[in-house]
$ cat work27.txt   # compact mmCIF, C-alpha atoms and all ligand atoms
# COMPACT_ATOMS: atom_id res chain seq x y z
CA MET A 1 -3.29 -0.20 -27.31
CA THR A 2 -1.28 -0.02 -24.11
CA PRO A 3 0.64 3.26 -23.77
CA VAL A 4 3.79 1.51 -22.45
CA GLU A 5 6.91 2.76 -24.19
CA ALA A 6 9.60 0.70 -22.42
CA LEU A 7 10.67 -0.91 -19.16
CA ALA A 8 13.68 0.78 -17.58
CA CYS A 9 16.00 -0.80 -15.01
CA GLU A 10 16.13 1.17 -11.78
CA ARG A 11 19.71 0.03 -11.22
CA CYS A 12 21.59 0.26 -14.54
CA GLY A 13 19.20 2.32 -16.66
CA ARG A 14 18.93 -0.24 -19.48
CA ARG A 15 15.64 -0.03 -21.38
CA TYR A 16 13.72 -3.00 -22.73
CA ALA A 17 10.79 -3.41 -25.09
CA PRO A 18 7.81 -4.74 -23.10
CA ALA A 19 7.83 -8.03 -25.02
CA ASP A 20 11.51 -8.70 -24.21
CA VAL A 21 11.35 -8.97 -20.40
CA GLU A 22 8.79 -10.29 -17.94
CA TYR A 23 10.02 -9.39 -14.44
CA THR A 24 13.42 -7.89 -13.54
CA CYS A 25 16.51 -6.72 -15.43
CA PRO A 26 18.48 -9.81 -16.55
CA GLU A 27 21.78 -8.00 -15.93
CA HIS A 28 21.59 -8.46 -12.15
CA ASP A 29 21.23 -11.34 -9.71
CA GLY A 30 17.88 -12.12 -8.11
CA VAL A 31 15.47 -9.22 -8.03
CA ALA A 32 18.08 -6.45 -7.77
CA GLY A 33 17.19 -4.89 -11.14
CA ILE A 34 13.65 -3.62 -10.61
CA LEU A 35 12.02 -2.50 -13.83
CA ASP A 36 9.94 0.66 -14.03
CA VAL A 37 7.20 0.93 -16.63
CA ARG A 38 7.73 4.02 -18.82
CA TYR A 39 4.92 5.56 -20.83
CA ASP A 40 4.53 7.58 -23.98
CA TYR A 41 3.29 10.76 -22.32
CA ASP A 42 2.14 12.31 -25.58
CA ALA A 43 -0.15 9.28 -25.99
CA LEU A 44 -1.35 9.60 -22.39
CA SER A 45 -1.99 13.28 -22.91
CA ASP A 46 -4.14 12.52 -25.95
CA VAL A 47 -6.51 10.27 -23.99
CA LEU A 48 -6.50 12.24 -20.76
CA ALA A 49 -9.55 14.41 -21.39
CA GLY A 50 -11.75 11.36 -21.84
CA VAL A 51 -10.41 9.86 -18.62
CA LEU A 52 -11.05 12.95 -16.55
CA ASP A 53 -14.51 13.54 -17.98
CA GLY A 54 -17.02 12.16 -15.48
CA PRO A 55 -16.83 10.45 -12.11
CA THR A 56 -14.20 7.89 -11.12
CA GLU A 57 -16.28 4.70 -11.00
CA ASP A 58 -13.33 2.43 -10.20
CA LEU A 59 -9.69 2.18 -11.20
CA TRP A 60 -10.64 1.15 -14.75
CA THR A 61 -11.84 4.70 -15.28
CA TYR A 62 -8.10 5.20 -15.79
CA GLU A 63 -7.77 2.21 -18.13
CA PRO A 64 -6.29 4.21 -21.05
CA LEU A 65 -3.42 5.18 -18.70
CA LEU A 66 -2.77 1.59 -17.55
CA PRO A 67 -0.62 -1.18 -19.08
CA VAL A 68 -3.56 -3.44 -19.95
CA ASP A 69 -4.83 -4.23 -23.45
CA GLY A 70 -8.58 -4.39 -22.97
CA ASP A 71 -10.80 -6.91 -21.17
CA PRO A 72 -9.75 -5.92 -17.64
CA VAL A 73 -10.78 -8.02 -14.64
CA ARG A 74 -13.47 -6.08 -12.81
CA LEU A 75 -14.23 -6.52 -9.12
CA GLY A 76 -14.65 -2.88 -8.09
CA ALA A 77 -11.22 -1.75 -6.90
CA GLY A 78 -10.53 1.96 -6.74
CA GLY A 79 -12.86 4.93 -6.80
CA THR A 80 -12.76 4.90 -2.99
CA ASP A 81 -14.12 7.68 -0.83
CA LEU A 82 -12.04 10.62 0.30
CA LEU A 83 -13.64 11.50 3.64
CA ASP A 84 -13.30 14.84 5.33
CA ALA A 85 -12.29 14.03 8.88
CA PRO A 86 -12.95 16.99 11.16
CA ALA A 87 -12.92 15.12 14.47
CA LEU A 88 -9.69 13.35 13.60
CA GLY A 89 -8.30 16.67 12.45
CA ASP A 90 -9.17 18.27 15.79
CA ALA A 91 -7.41 15.45 17.60
CA LEU A 92 -4.28 15.74 15.46
CA GLY A 93 -4.22 19.51 15.01
CA VAL A 94 -4.42 19.41 11.21
CA ASP A 95 -7.00 19.73 8.43
CA ALA A 96 -7.51 15.98 8.08
CA LEU A 97 -8.87 13.86 5.26
CA VAL A 98 -9.02 10.06 5.09
CA LYS A 99 -8.71 8.16 1.81
CA ASN A 100 -10.70 5.07 2.70
CA GLU A 101 -9.09 2.14 0.91
CA THR A 102 -10.67 -0.32 3.36
CA THR A 103 -13.71 -0.45 1.07
CA ASN A 104 -11.83 -2.04 -1.82
CA PRO A 105 -13.36 -5.42 -2.76
CA THR A 106 -11.04 -7.61 -0.69
CA GLY A 107 -10.47 -4.94 1.96
CA SER A 108 -7.22 -3.24 0.99
CA ASN A 109 -5.38 -1.03 -1.49
CA LYS A 110 -3.64 -4.16 -2.82
CA ASP A 111 -6.67 -4.64 -5.07
CA ARG A 112 -5.41 -1.87 -7.32
CA GLY A 113 -2.22 -3.80 -8.05
CA SER A 114 -3.96 -7.15 -8.34
CA ALA A 115 -6.50 -5.80 -10.82
CA VAL A 116 -3.74 -4.85 -13.24
CA ALA A 117 -1.49 -7.87 -12.60
CA VAL A 118 -4.29 -10.44 -12.98
CA SER A 119 -5.63 -8.72 -16.08
CA ARG A 120 -2.17 -8.99 -17.64
CA ALA A 121 -1.77 -12.61 -16.53
CA ARG A 122 -5.04 -13.54 -18.21
CA GLN A 123 -4.20 -11.63 -21.38
CA GLN A 124 -0.87 -13.45 -21.64
CA GLY A 125 -2.49 -16.84 -21.31
CA HIS A 126 -1.26 -17.79 -17.84
CA ASP A 127 -3.50 -20.20 -15.94
CA THR A 128 -1.89 -19.83 -12.48
CA VAL A 129 -0.88 -16.74 -10.50
CA ALA A 130 1.19 -16.63 -7.31
CA CYS A 131 2.51 -14.23 -4.72
CA ALA A 132 4.12 -13.98 -1.31
CA SER A 133 2.25 -11.80 1.12
CA THR A 134 1.86 -10.60 4.67
CA GLY A 135 -1.88 -11.11 4.08
CA ASN A 136 -3.60 -8.36 2.12
CA ALA A 137 -1.94 -9.04 -1.21
CA ALA A 138 -2.75 -12.74 -0.76
CA ALA A 139 -6.47 -12.11 -0.34
CA SER A 140 -6.41 -9.57 -3.13
CA LEU A 141 -4.65 -11.77 -5.66
CA ALA A 142 -6.85 -14.73 -4.71
CA GLY A 143 -10.05 -12.70 -5.14
CA TYR A 144 -9.00 -11.33 -8.49
CA ALA A 145 -7.77 -14.74 -9.66
CA ALA A 146 -11.17 -16.22 -8.78
CA ARG A 147 -12.87 -13.47 -10.72
CA ALA A 148 -10.60 -14.10 -13.72
CA GLY A 149 -10.95 -17.89 -13.61
CA LEU A 150 -7.27 -18.47 -12.79
CA ASP A 151 -5.68 -20.78 -10.22
CA CYS A 152 -3.87 -19.07 -7.35
CA ARG A 153 -0.97 -20.09 -5.07
CA ILE A 154 -0.13 -18.01 -2.02
CA PHE A 155 3.03 -18.08 0.13
CA VAL A 156 2.56 -16.54 3.59
CA PRO A 157 4.53 -16.45 6.85
CA ALA A 158 3.00 -19.22 8.95
CA ASP A 159 2.18 -16.81 11.83
CA LEU A 160 -0.33 -14.81 9.77
CA PRO A 161 -3.51 -13.53 11.51
CA GLU A 162 -6.20 -16.20 11.14
CA ALA A 163 -8.65 -14.20 9.03
CA LYS A 164 -5.92 -13.27 6.59
CA ALA A 165 -5.16 -16.95 6.06
CA VAL A 166 -8.87 -17.83 5.67
CA GLN A 167 -9.83 -15.16 3.12
CA PRO A 168 -7.65 -16.34 0.19
CA ARG A 169 -8.73 -19.96 0.77
CA LEU A 170 -12.34 -18.89 0.57
CA TYR A 171 -11.55 -17.45 -2.84
CA GLY A 172 -10.24 -20.88 -3.82
CA ALA A 173 -6.50 -20.23 -3.53
CA THR A 174 -3.99 -22.76 -2.21
CA VAL A 175 -2.24 -21.19 0.80
CA LEU A 176 1.27 -22.34 1.68
CA GLY A 177 2.28 -21.31 5.22
CA VAL A 178 6.05 -20.88 5.16
CA ASP A 179 7.91 -21.54 8.39
CA GLY A 180 9.83 -18.27 8.26
CA THR A 181 9.55 -14.55 7.57
CA TYR A 182 7.93 -12.66 4.72
CA ALA A 183 11.39 -12.54 3.12
CA ASP A 184 11.57 -16.34 3.21
CA ALA A 185 8.09 -16.64 1.71
CA TYR A 186 9.01 -14.14 -1.02
CA GLU A 187 12.13 -16.05 -2.04
CA LEU A 188 10.40 -19.42 -2.04
CA CYS A 189 7.56 -18.00 -4.13
CA ARG A 190 10.07 -16.64 -6.63
CA GLU A 191 11.87 -19.96 -7.01
CA VAL A 192 8.79 -22.14 -7.25
CA SER A 193 6.94 -19.78 -9.61
CA ALA A 194 9.93 -19.76 -11.97
CA GLU A 195 10.15 -23.56 -11.87
CA ARG A 196 6.47 -24.15 -12.47
CA GLY A 197 5.66 -21.29 -14.80
CA TRP A 198 3.26 -19.47 -12.49
CA TYR A 199 2.72 -15.75 -13.06
CA ASN A 200 4.34 -13.97 -10.11
CA ARG A 201 2.58 -10.87 -8.78
CA ASN A 202 5.20 -10.12 -6.12
CA ALA A 203 5.87 -6.52 -5.24
CA ALA A 204 9.11 -5.18 -6.71
CA MET A 205 9.48 -8.19 -8.96
CA ASN A 206 6.40 -7.71 -11.12
CA PRO A 207 6.76 -4.35 -12.87
CA TYR A 208 3.04 -4.10 -13.61
CA ALA A 209 1.41 -4.66 -10.23
CA VAL A 210 2.71 -1.36 -8.91
CA GLU A 211 1.21 0.39 -11.94
CA GLY A 212 -2.27 -0.22 -10.58
CA LYS A 213 -1.24 1.69 -7.47
CA ARG A 214 -0.66 4.78 -9.58
CA THR A 215 -4.44 5.09 -9.72
CA LEU A 216 -4.49 5.95 -6.01
CA GLY A 217 -2.17 8.83 -6.85
CA PHE A 218 -4.46 9.85 -9.74
CA GLU A 219 -7.48 9.89 -7.42
CA LEU A 220 -5.66 11.89 -4.75
CA ALA A 221 -4.50 14.42 -7.34
CA GLU A 222 -8.05 14.85 -8.62
CA GLU A 223 -9.81 14.85 -5.25
CA ALA A 224 -7.33 16.72 -3.06
CA PRO A 225 -5.26 18.94 -5.34
CA ASP A 226 -4.64 21.32 -2.44
CA ALA A 227 -3.33 18.70 0.03
CA ASP A 228 -0.07 19.62 1.76
CA TRP A 229 0.73 16.05 2.81
CA VAL A 230 -0.22 12.46 2.04
CA ALA A 231 0.58 10.10 4.92
CA MET A 232 0.99 6.39 4.21
CA PRO A 233 2.35 3.32 5.93
CA MET A 234 5.40 1.70 4.35
CA GLY A 235 6.02 -2.08 4.25
CA ASN A 236 7.70 -3.07 1.01
CA GLY A 237 7.66 0.54 -0.14
CA CYS A 238 5.85 -0.07 -3.41
CA SER A 239 2.45 1.40 -2.48
CA LEU A 240 4.03 4.72 -1.54
CA ALA A 241 6.22 4.69 -4.65
CA GLY A 242 3.22 3.87 -6.83
CA VAL A 243 1.15 6.68 -5.38
CA TRP A 244 4.00 9.10 -5.96
CA LYS A 245 4.33 8.00 -9.57
CA GLY A 246 0.64 8.72 -10.12
CA LEU A 247 0.80 12.11 -8.41
CA ARG A 248 3.86 13.12 -10.44
CA GLU A 249 2.27 12.00 -13.69
CA PHE A 250 -0.85 14.07 -13.10
CA GLU A 251 1.36 17.07 -12.42
CA ARG A 252 3.35 16.37 -15.60
CA LEU A 253 0.14 16.00 -17.60
CA GLY A 254 -1.15 19.31 -16.25
CA VAL A 255 -4.06 17.91 -14.23
CA VAL A 256 -2.67 19.58 -11.09
CA ASP A 257 -0.17 22.39 -10.54
CA ASP A 258 1.57 20.90 -7.56
CA THR A 259 2.16 17.68 -5.64
CA PRO A 260 1.81 17.07 -1.90
CA ARG A 261 4.68 16.03 0.33
CA LEU A 262 4.73 12.39 1.36
CA LEU A 263 4.95 11.24 4.95
CA GLY A 264 6.11 7.61 5.05
CA VAL A 265 5.42 5.81 8.31
CA GLN A 266 6.94 2.61 9.67
CA ALA A 267 6.49 0.68 12.89
CA GLU A 268 9.31 0.32 15.42
CA GLY A 269 9.64 -3.40 14.65
CA ALA A 270 10.35 -2.93 10.92
CA THR A 271 12.22 0.27 10.06
CA ALA A 272 14.37 -0.57 7.05
CA ILE A 273 13.00 2.12 4.71
CA TYR A 274 13.08 4.73 7.45
CA ASP A 275 16.69 3.80 8.28
CA ARG A 276 17.73 4.10 4.65
CA PHE A 277 15.93 7.42 4.21
CA VAL A 278 17.67 8.86 7.27
CA ALA A 279 21.04 7.56 6.08
CA GLU A 280 20.56 9.09 2.62
CA SER A 281 19.23 12.43 3.88
CA ASP A 282 22.18 14.38 5.25
CA ASP A 283 20.02 17.26 6.32
CA SER A 284 16.98 15.19 7.21
CA ASP A 285 15.40 15.79 10.58
CA ALA A 286 13.76 12.37 10.36
CA ALA A 287 13.80 10.76 13.77
CA ALA A 288 11.91 8.49 16.07
CA PRO A 289 8.85 10.26 17.50
CA ASP A 290 10.51 11.10 20.78
CA GLY A 291 13.77 11.96 19.08
CA GLY A 292 15.36 8.90 20.63
CA ALA A 293 16.86 5.81 19.13
CA VAL A 294 14.78 3.27 17.28
CA ALA A 295 13.92 0.19 19.33
CA ASP A 296 16.21 -2.83 19.23
CA GLY A 297 13.49 -4.83 17.50
CA ALA A 298 14.27 -2.84 14.36
CA LEU A 299 17.31 -4.97 13.72
CA ASP A 300 15.52 -8.27 13.31
CA GLY A 301 12.76 -6.51 11.42
CA GLU A 302 9.90 -8.82 12.33
CA ASP A 303 8.26 -7.46 15.41
CA THR A 304 5.18 -5.26 15.23
CA THR A 305 1.43 -5.63 15.63
CA ALA A 306 1.14 -3.92 12.25
CA ASP A 307 1.64 -7.18 10.34
CA SER A 308 0.97 -5.66 6.92
CA ILE A 309 4.10 -3.52 7.21
CA ASP A 310 6.16 -6.10 9.12
CA VAL A 311 8.71 -6.35 6.32
CA GLY A 312 12.33 -6.84 7.31
CA VAL A 313 13.77 -6.70 3.77
CA PRO A 314 11.69 -4.22 1.74
CA HIS A 315 12.38 -4.74 -1.95
CA ASN A 316 11.20 -1.29 -2.96
CA ALA A 317 13.07 0.70 -0.31
CA GLY A 318 15.04 2.61 -2.92
CA LYS A 319 11.94 3.68 -4.84
CA ALA A 320 10.19 4.65 -1.62
CA CYS A 321 13.13 6.75 -0.44
CA ARG A 322 13.32 8.51 -3.80
CA ALA A 323 9.60 9.24 -3.65
CA LEU A 324 9.93 10.70 -0.15
CA ALA A 325 12.90 12.84 -1.19
CA GLU A 326 11.41 14.05 -4.48
CA SER A 327 8.22 15.08 -2.74
CA GLY A 328 10.11 17.04 -0.09
CA GLY A 329 8.62 14.65 2.41
CA ASP A 330 9.80 12.83 5.47
CA ALA A 331 9.71 9.50 7.30
CA VAL A 332 8.74 8.68 10.88
CA VAL A 333 8.67 5.62 13.08
CA VAL A 334 5.88 4.95 15.58
CA SER A 335 5.46 2.49 18.43
CA ASP A 336 2.88 -0.29 18.55
CA GLU A 337 1.26 1.52 21.47
CA ALA A 338 0.85 4.66 19.37
CA ILE A 339 -0.52 2.53 16.52
CA LEU A 340 -3.23 0.98 18.69
CA ASP A 341 -4.16 4.41 20.10
CA ALA A 342 -4.45 5.73 16.55
CA GLN A 343 -6.52 2.74 15.45
CA ARG A 344 -9.09 3.51 18.09
CA LEU A 345 -8.93 7.25 17.36
CA LEU A 346 -9.67 6.69 13.68
CA GLY A 347 -12.58 4.41 14.53
CA GLU A 348 -14.08 6.68 17.18
CA CYS A 349 -13.59 9.92 15.26
CA GLU A 350 -14.56 8.90 11.74
CA GLY A 351 -16.15 5.43 11.75
CA VAL A 352 -13.29 3.85 9.83
CA PHE A 353 -12.11 0.45 11.12
CA ALA A 354 -8.61 0.28 9.71
CA GLU A 355 -5.92 -2.30 10.35
CA PRO A 356 -2.90 -1.46 12.52
CA ALA A 357 -0.69 -0.69 9.50
CA SER A 358 -3.17 1.97 8.38
CA ALA A 359 -3.42 3.34 11.89
CA ALA A 360 0.36 3.71 11.81
CA ALA A 361 -0.13 6.46 9.24
CA VAL A 362 -2.44 8.31 11.65
CA ALA A 363 0.07 7.86 14.46
CA GLY A 364 2.74 9.10 12.08
CA VAL A 365 0.84 12.32 11.43
CA ARG A 366 0.57 12.88 15.17
CA ALA A 367 4.31 12.29 15.58
CA ALA A 368 5.13 14.59 12.66
CA VAL A 369 2.98 17.39 14.11
CA GLU A 370 4.65 17.01 17.51
CA ARG A 371 8.05 17.30 15.86
CA GLY A 372 7.03 20.27 13.74
CA THR A 373 7.49 18.47 10.41
CA VAL A 374 3.79 18.90 9.68
CA ALA A 375 2.61 22.40 10.63
CA PRO A 376 -0.63 22.91 12.60
CA GLY A 377 -3.58 23.36 10.26
CA GLU A 378 -1.93 21.85 7.21
CA ARG A 379 -4.15 19.76 4.94
CA VAL A 380 -3.20 16.13 5.43
CA VAL A 381 -4.62 13.08 3.64
CA THR A 382 -4.12 9.87 5.60
CA VAL A 383 -4.48 6.72 3.52
CA ALA A 384 -6.35 3.98 5.40
CA THR A 385 -4.84 1.16 3.35
CA GLY A 386 -6.69 -1.86 4.74
CA THR A 387 -9.62 -2.94 6.87
CA GLY A 388 -9.22 -3.90 10.52
CA LEU A 389 -11.85 -6.63 10.25
CA LYS A 390 -9.23 -9.18 9.15
CA ASP A 391 -7.33 -8.85 12.40
CA SER A 392 -9.77 -8.25 15.24
CA ALA A 393 -7.30 -9.83 17.69
CA SER A 394 -4.99 -6.83 17.34
CA ALA A 395 -7.87 -4.38 17.57
CA ARG A 396 -9.03 -6.15 20.73
CA GLU A 397 -6.05 -4.58 22.49
CA ALA A 398 -7.27 -1.11 21.53
CA VAL A 399 -10.85 -1.35 22.86
CA ASP A 400 -12.71 -1.51 26.18
CA ASP A 401 -14.20 -4.73 27.55
CA VAL A 402 -17.78 -5.72 26.81
CA ILE A 403 -20.04 -4.76 29.76
CA SER A 404 -21.98 -7.81 30.96
CA VAL A 405 -25.67 -7.15 31.61
CA ASP A 406 -28.32 -9.72 32.53
CA ALA A 407 -31.65 -9.92 30.71
CA ALA A 408 -33.31 -7.78 33.36
CA GLY A 409 -30.73 -5.02 32.90
CA GLN A 410 -28.77 -5.86 36.04
CA GLY A 411 -25.23 -4.58 35.61
CA LEU A 412 -26.15 -1.61 33.40
CA PRO A 413 -23.88 1.30 34.46
CA GLU A 414 -25.80 4.22 36.08
CA ASP A 415 -23.75 6.84 34.29
CA LEU A 416 -24.16 5.42 30.80
ZN ZN A 501 19.72 -3.41 -14.98
$ encode --input "work27.txt" --output "structure tokens"
Amino acid sequence: MTPVEALACERCGRRYAPADVEYTCPEHDGVAGILDVRYDYDALSDVLAGVLDGPTEDLWTYEPLLPVDGDPVRLGAGGTDLLDAPALGDALGVDALVKNETTNPTGSNKDRGSAVAVSRARQQGHDTVACASTGNAAASLAGYAARAGLDCRIFVPADLPEAKAVQPRLYGATVLGVDGTYADAYELCREVSAERGWYNRNAAMNPYAVEGKRTLGFELAEEAPDADWVAMPMGNGCSLAGVWKGLREFERLGVVDDTPRLLGVQAEGATAIYDRFVAESDDSDAAAPDGGAVADGALDGEDTTADSIDVGVPHNAGKACRALAESGGDAVVVSDEAILDAQRLLGECEGVFAEPASAAAVAGVRAAVERGTVAPGERVVTVATGTGLKDSASAREAVDDVISVDAAGQGLPEDL
């Protein structure tokens, strides 16, 4: 039995029985009334000991805490490594750890959400799933749909990095390149899915997808109970909000005594959550890394090399800002130049090839240390949310040229 007690509207507070609503609160237009899944915590408490007993194989180790009624779709999401990162820590001036989500089955943390959403879609008898995506969620949904035997339709901005458009097609999905932004793709996906009866996994709209992301919070609580900070990139805001929900729940259930502060990081080209957090935090010292104004590109919201967080209209901004505030955390904005520097730093220091959005979190830690938000020596977990292998063109800007050498060794540098 699923431990879900009700779905509560984030906007008006109305509560619904799980069987009575599918996506958002019917009292509001569009997707304004995001629903939050509420659990029976006495029931969760009863099953907790069994969950915590033994290693975390994958996210289904936490199945009794998830809104899925048996027969989950298994592809290996979750149970990722938490790496100690001494060289990175030396470079940043903190006690660094890296939660390596790049090793999830389709290469990103989105697999945690897809695992839960696709399992629910299959249980409810849907034969087609859909989502709009900047890339990682597309591949993730497509991979999980293939595994579950469901058809998959993906709406992406037409300017997506090539590998991110190839991966979902390889999993058998139909990819629709929308001539527009992520926001345009999101809206079109919503309309068409409603018309055609496809199960919509979209962030913010689907109340269950984010529930899979709680498991990242569970793992962090178990593996790094003494962390001072968790640093994450923010695109739509739902990954950060999901992690916070998981961290808070494990505190509430007595697994840990305390929760870390969250550092939410955005790129200069897409700063909507940061802007809102600053506006809502009267006493916040949140600021651009150099203390100056955010770049002009912030206004159009579609201009950063970190494509996974290039989201001009983040649907979960409110939840993300609440998570940052409740955790006593902060938000920072970093430049594309700082992101590429951080991408190379993470690779060289720790052997993790993360995408630019993930590197933004590393750059954000550096910025937060420089500003004094994060104190020297504090224990900081950086979440590497997705692999860099899907976008080698961006990484190309962060690395040195290949050295040409002939077969006889001519051209080999003397000082190598
Ligand atoms: Zn409502």
$ residues_around --input "work27.txt" --residues "A:Val21" --least-positions-apart "6" --cutoff "12 Å" --atoms "only C-alpha atoms" --output "count of residues only"
16
$ closest_residue --input "work27.txt" --among "A:Val31, A:Ala17, A:Ala367, A:Ala331" --to "ligand ZN 501 (chain A)" --atoms "only C-alpha atoms and all ligand atoms"
A:Val31
$ closest_residue --input "work27.txt" --among "A:Ser45, A:Thr80, A:Thr304, A:Ser392" --to "A:Gly217" --atoms "all atoms listed in the file"
A:Thr80
$ atom_distance --input "work27.txt" --atom1 "atom CA of A:Asp53" --atom2 "atom CA of A:Val255"
11.9 Å
$ residues_near_point --input "work27.txt" --point "(-3.0, -7.4, -1.7)" --cutoff "9 Å" --atoms "only C-alpha atoms" --output "JSON, numbers by chain"
{"A": [106, 107, 108, 109, 110, 111, 112, 113, 114, 133, 134, 135, 136, 137, 138, 139, 140, 141, 142]}
$ residues_around --input "work27.txt" --residues "A:Thr305" --least-positions-apart "6" --cutoff "10 Å" --atoms "only C-alpha atoms" --output "list in words"
Ala267, Glu268, Gly269, Ser335, Asp336, Glu337, Ile339, Leu340, Glu355, Pro356, Ala357, Asp391, Ala393, Ser394 and Ala395 of chain A
$ closest_residue --input "work27.txt" --among "A:Gly351, A:Gly246, A:Gly411, A:Pro26" --to "ligand ZN 501 (chain A)" --atoms "all atoms listed in the file"
A:Pro26
